[in-house]
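What follows is a single structure, written as structure tokens, with notes after it.
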Amino acid sequence: MIKSEGVSFRYDGALSDAIDNIDFNISRGEFVAILGHNGSGKSTLAKLVNALLLPTKGNLFVKDFNTSDESKLWDIRQSVGVIFQNPDNQMVATVVEEDVAFGPENLGLPPSEIKERVSYALNAVGMEEFRRFSPHFLSGGQKQKIAIAGIIAMKPDCIVLDEPTAMLDPMARKDIISTIRYLNQNYTITVLYITHFMEEAVEADRIIILNKGHIEFTGTPEDVFSQVKRLKKLHLDVPQVTELSFNLRTMGFKIPRNILTLDEMVKHICPLE
């Protein structure tokens, strides 16, 4: 779905590259989380994937389209939708269904198909009952779901989410990540998920760690979060349950290194009583 070959990007006037010679592949239908401290290049990478920015060096391909090929920008942006942090900045209409219809309308689709896509997208994110509401009266989590529905209505192959839960409360964050996982599993949508909440990254199939614009390491959530000391050196956190298991092992308890959820922790702690 996405292939990066030696991609670098430097902002005008910057002394160093924001993205520094990175190579990676993301398969169709994969759910990949991108982690890194502030300034590591996460948001820059999101904009490169959607061709909002173009590589200074190297090549980035989306569905075999080179993002540097201006003749393919329309195809790329139809294939990759981007969701940002603040849902209020993504609302363009005063009624939910009109907001979701905005993308398909700009694709020049006939009214009958637009109506079908709006219903499809709202059902996909569990917001069908709010179709005639004003977005301004919805909660932050509901607004973000509407923003996601607006992208889903365009039927992209891939969604890039740049810290979509940063402005939400814990319950809304949990609801959004469940929605994203549902879309990934049931609609085979490729997900590139940028977050600084480690508990959200646990849901991914694979994690990529960025540091100073380059890929520090990558692996499954179990592999990545078992490397507590390495993550701490990069000023990154780990899920609370993973840190608890690390501390218990340090104290001499026989606890596995790859615990990611509370249920797994309970399963291994109970026999210690």
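Residues are referred to by chain and number: the chain letter is A, B, ... according to the order shown in the structure tokens, the number counts from 1 in that chain, and ligands are numbered separately from 1 in the order shown.
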- Item | All strand (DSSP E) positions in stretch 61-204 of chain A, as number ranges by chain | A: 61-62, 65-66, 80-83, 158-162, 190-194
Please, could you write that set of residues out with N, CA and C atoms as a PDB file, in the first residue's frame?
```pdb
ATOM      1  N   PHE A  61       5.882   5.865  -2.468  1.00  0.00           N
ATOM      2  CA  PHE A  61       4.852   5.329  -3.351  1.00  0.00           C
ATOM      3  C   PHE A  61       3.589   4.994  -2.557  1.00  0.00           C
ATOM      4  N   VAL A  62       2.453   5.363  -3.120  1.00  0.00           N
ATOM      5  CA  VAL A  62       1.143   4.979  -2.585  1.00  0.00           C
ATOM      6  C   VAL A  62       0.416   4.235  -3.695  1.00  0.00           C
ATOM      7  N   PHE A  65       1.810   4.621  -7.010  1.00  0.00           N
ATOM      8  CA  PHE A  65       1.896   5.993  -7.519  1.00  0.00           C
ATOM      9  C   PHE A  65       3.002   6.726  -6.762  1.00  0.00           C
ATOM     10  N   ASN A  66       3.934   7.323  -7.479  1.00  0.00           N
ATOM     11  CA  ASN A  66       4.986   8.122  -6.848  1.00  0.00           C
ATOM     12  C   ASN A  66       4.390   9.466  -6.442  1.00  0.00           C
ATOM     13  N   VAL A  80      -5.745   8.047  -0.018  1.00  0.00           N
ATOM     14  CA  VAL A  80      -5.294   8.264   1.362  1.00  0.00           C
ATOM     15  C   VAL A  80      -6.023   9.456   1.966  1.00  0.00           C
ATOM     16  N   GLY A  81      -6.792   9.198   3.024  1.00  0.00           N
ATOM     17  CA  GLY A  81      -7.459  10.276   3.750  1.00  0.00           C
ATOM     18  C   GLY A  81      -6.710  10.575   5.031  1.00  0.00           C
ATOM     19  N   VAL A  82      -6.728  11.844   5.452  1.00  0.00           N
ATOM     20  CA  VAL A  82      -5.991  12.258   6.648  1.00  0.00           C
ATOM     21  C   VAL A  82      -6.943  12.864   7.677  1.00  0.00           C
ATOM     22  N   ILE A  83      -6.801  12.428   8.927  1.00  0.00           N
ATOM     23  CA  ILE A  83      -7.551  12.970  10.054  1.00  0.00           C
ATOM     24  C   ILE A  83      -6.554  13.637  10.998  1.00  0.00           C
ATOM     25  N   CYS A 158      -6.689   3.869   2.457  1.00  0.00           N
ATOM     26  CA  CYS A 158      -5.846   4.076   3.629  1.00  0.00           C
ATOM     27  C   CYS A 158      -6.295   5.331   4.366  1.00  0.00           C
ATOM     28  N   ILE A 159      -6.247   5.275   5.703  1.00  0.00           N
ATOM     29  CA  ILE A 159      -6.501   6.459   6.522  1.00  0.00           C
ATOM     30  C   ILE A 159      -5.260   6.733   7.361  1.00  0.00           C
ATOM     31  N   VAL A 160      -4.803   7.966   7.334  1.00  0.00           N
ATOM     32  CA  VAL A 160      -3.707   8.415   8.184  1.00  0.00           C
ATOM     33  C   VAL A 160      -4.309   9.275   9.284  1.00  0.00           C
ATOM     34  N   LEU A 161      -4.076   8.920  10.529  1.00  0.00           N
ATOM     35  CA  LEU A 161      -4.636   9.663  11.658  1.00  0.00           C
ATOM     36  C   LEU A 161      -3.496  10.255  12.479  1.00  0.00           C
ATOM     37  N   ASP A 162      -3.438  11.584  12.503  1.00  0.00           N
ATOM     38  CA  ASP A 162      -2.364  12.294  13.189  1.00  0.00           C
ATOM     39  C   ASP A 162      -2.844  12.741  14.565  1.00  0.00           C
ATOM     40  N   THR A 190      -6.438   0.233   5.347  1.00  0.00           N
ATOM     41  CA  THR A 190      -5.087   0.365   5.885  1.00  0.00           C
ATOM     42  C   THR A 190      -5.053   1.575   6.816  1.00  0.00           C
ATOM     43  N   VAL A 191      -4.450   1.410   7.980  1.00  0.00           N
ATOM     44  CA  VAL A 191      -4.419   2.487   8.976  1.00  0.00           C
ATOM     45  C   VAL A 191      -2.983   2.824   9.345  1.00  0.00           C
ATOM     46  N   LEU A 192      -2.662   4.107   9.241  1.00  0.00           N
ATOM     47  CA  LEU A 192      -1.394   4.646   9.743  1.00  0.00           C
ATOM     48  C   LEU A 192      -1.767   5.574  10.893  1.00  0.00           C
ATOM     49  N   TYR A 193      -1.474   5.147  12.124  1.00  0.00           N
ATOM     50  CA  TYR A 193      -2.013   5.800  13.317  1.00  0.00           C
ATOM     51  C   TYR A 193      -0.893   6.428  14.134  1.00  0.00           C
ATOM     52  N   ILE A 194      -0.873   7.754  14.155  1.00  0.00           N
ATOM     53  CA  ILE A 194       0.144   8.494  14.915  1.00  0.00           C
ATOM     54  C   ILE A 194      -0.441   8.859  16.274  1.00  0.00           C
TER      55      ILE A 194
END
```
- alpha helix (DSSP H) call set, DSSP backbone run, stretch 19-266 of chain A, as number ranges by chain: A: 42-49, 73-79, 96-106, 111-124, 140-152, 170-187, 198-201, 221-225, 228-233, 240-250, 262-266
- Item | For stretch 112-127 of chain A: contacts at 8 Å, only C-alpha atoms, fewer than 2 positions along chain excluded, given as a ChimeraX atom specification | /A:97,100-101,104-105,109-110,129-131,142,145-146,148-150,152-154,179,183
Selection to disk with C-alpha atoms, as a compact mmCIF listing (two decimals), in the first residue's frame:
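Output contents, as saved in out.txt:
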```txt
# COMPACT_ATOMS: atom_id res chain seq x y z
CA GLU A 97 -24.93 14.50 6.88
CA VAL A 100 -20.00 13.84 5.53
CA ALA A 101 -21.28 14.46 2.00
CA PRO A 104 -18.08 12.72 -2.19
CA GLU A 105 -19.60 15.91 -3.65
CA LEU A 109 -20.42 11.71 -7.65
CA PRO A 110 -24.15 11.59 -8.51
CA GLU A 129 -28.71 8.54 14.44
CA PHE A 130 -26.93 11.90 14.49
CA ARG A 131 -27.10 12.56 10.74
CA GLN A 142 -18.56 12.44 18.30
CA LYS A 145 -16.18 10.29 14.45
CA ILE A 146 -17.95 12.60 11.99
CA ILE A 148 -13.63 10.06 10.18
CA ALA A 149 -16.98 9.39 8.49
CA GLY A 150 -16.25 12.24 6.07
CA ILE A 152 -14.78 7.01 4.94
CA ALA A 153 -17.45 8.38 2.59
CA MET A 154 -14.73 8.92 -0.01
CA THR A 179 -13.89 2.60 15.83
CA LEU A 183 -12.90 -0.10 10.31
```
- Task: Give me the residues within 6 Å of stretch 209-225 of chain A as number ranges by chain, counting only C-alpha atoms and dropping any in the same chain fewer than 5 places off.
- Result: A: 18-20, 22, 35-36, 40-41, 202, 258
For the residues in the current selection, export C-alpha atoms as a PDB file, in the first residue's frame.
```pdb
ATOM      1  CA  ALA A  18      12.675  16.433   9.594  1.00  0.00           C
ATOM      2  CA  ILE A  19      12.581  12.998   7.940  1.00  0.00           C
ATOM      3  CA  ASP A  20      15.978  11.436   7.385  1.00  0.00           C
ATOM      4  CA  ILE A  22      13.759   6.285   5.876  1.00  0.00           C
ATOM      5  CA  LEU A  35       5.390   6.597  17.875  1.00  0.00           C
ATOM      6  CA  GLY A  36       8.024   9.173  18.713  1.00  0.00           C
ATOM      7  CA  SER A  40      10.601  13.140  15.790  1.00  0.00           C
ATOM      8  CA  GLY A  41       8.935  13.648  12.389  1.00  0.00           C
ATOM      9  CA  VAL A 202      -1.186  -1.698  21.618  1.00  0.00           C
ATOM     10  CA  ASN A 258       5.237  -9.158  26.561  1.00  0.00           C
TER      11      ASN A 258
END
```
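Counting from atom CA of A:Ser43, the distance to atom CA of A:Thr165 is 14.2 Å.
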Please list as an mmCIF file with N, CA and C atoms, in the first residue's frame every residue within 8 Å of stretch 91-96 of chain A, counting only C-alpha atoms and excluding residues in the same chain fewer than 5 positions away.
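Contents of around25.cif, freshly written:
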```cif
data_model
loop_
_atom_site.group_PDB
_atom_site.id
_atom_site.type_symbol
_atom_site.label_atom_id
_atom_site.label_comp_id
_atom_site.auth_asym_id
_atom_site.auth_seq_id
_atom_site.Cartn_x
_atom_site.Cartn_y
_atom_site.Cartn_z
ATOM 1 N N PHE A 102 -19.598 16.214 1.978
ATOM 2 C CA PHE A 102 -18.726 17.207 1.338
ATOM 3 C C PHE A 102 -17.662 16.559 0.444
ATOM 4 N N PHE A 130 -27.241 10.480 14.336
ATOM 5 C CA PHE A 130 -26.928 11.901 14.489
ATOM 6 C C PHE A 130 -26.845 12.628 13.142
ATOM 7 N N ARG A 131 -27.318 12.023 12.077
ATOM 8 C CA ARG A 131 -27.099 12.562 10.740
ATOM 9 C C ARG A 131 -27.700 13.955 10.554
ATOM 10 N N ARG A 132 -28.760 14.288 11.275
ATOM 11 C CA ARG A 132 -29.397 15.603 11.097
ATOM 12 C C ARG A 132 -29.078 16.573 12.231
ATOM 13 N N PHE A 133 -28.114 16.189 13.062
ATOM 14 C CA PHE A 133 -27.667 17.078 14.139
ATOM 15 C C PHE A 133 -26.717 18.125 13.582
ATOM 16 N N SER A 134 -26.555 19.206 14.335
ATOM 17 C CA SER A 134 -25.490 20.163 14.039
ATOM 18 C C SER A 134 -24.206 19.651 14.688
ATOM 19 N N PRO A 135 -23.090 19.597 13.963
ATOM 20 C CA PRO A 135 -21.833 19.106 14.544
ATOM 21 C C PRO A 135 -21.404 19.881 15.786
ATOM 22 N N HIS A 136 -21.808 21.160 15.865
ATOM 23 C CA HIS A 136 -21.366 22.016 16.965
ATOM 24 C C HIS A 136 -21.995 21.636 18.306
ATOM 25 N N ILE A 146 -17.376 12.005 13.199
ATOM 26 C CA ILE A 146 -17.945 12.599 11.992
ATOM 27 C C ILE A 146 -16.829 12.941 11.005
ATOM 28 N N ALA A 147 -15.710 13.433 11.521
ATOM 29 C CA ALA A 147 -14.567 13.718 10.654
ATOM 30 C C ALA A 147 -14.074 12.440 9.976
#
```
- Query: Of the candidates A:Gly13, A:Gly29, A:Ile208, A:Gly141, which shows the shortest atom-to-atom distance to A:Asp88, using only C-alpha atoms?
  - Reply: A:Gly141
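With only C-alpha atoms as the basis for measurement, A:Ile189 is the residue among A:Ile76, A:Val228, A:Met251, A:Ile189 that approaches A:Val32 most closely.
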- Top pick for closest residue to A:Lys143, considering A:Pro87, A:Arg10, A:Ile180, A:Tyr187 and counting only C-alpha atoms: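 Between A:Pro87, A:Arg10, A:Ile180, A:Tyr187, the residue approaching A:Lys143 most closely is A:Pro87.
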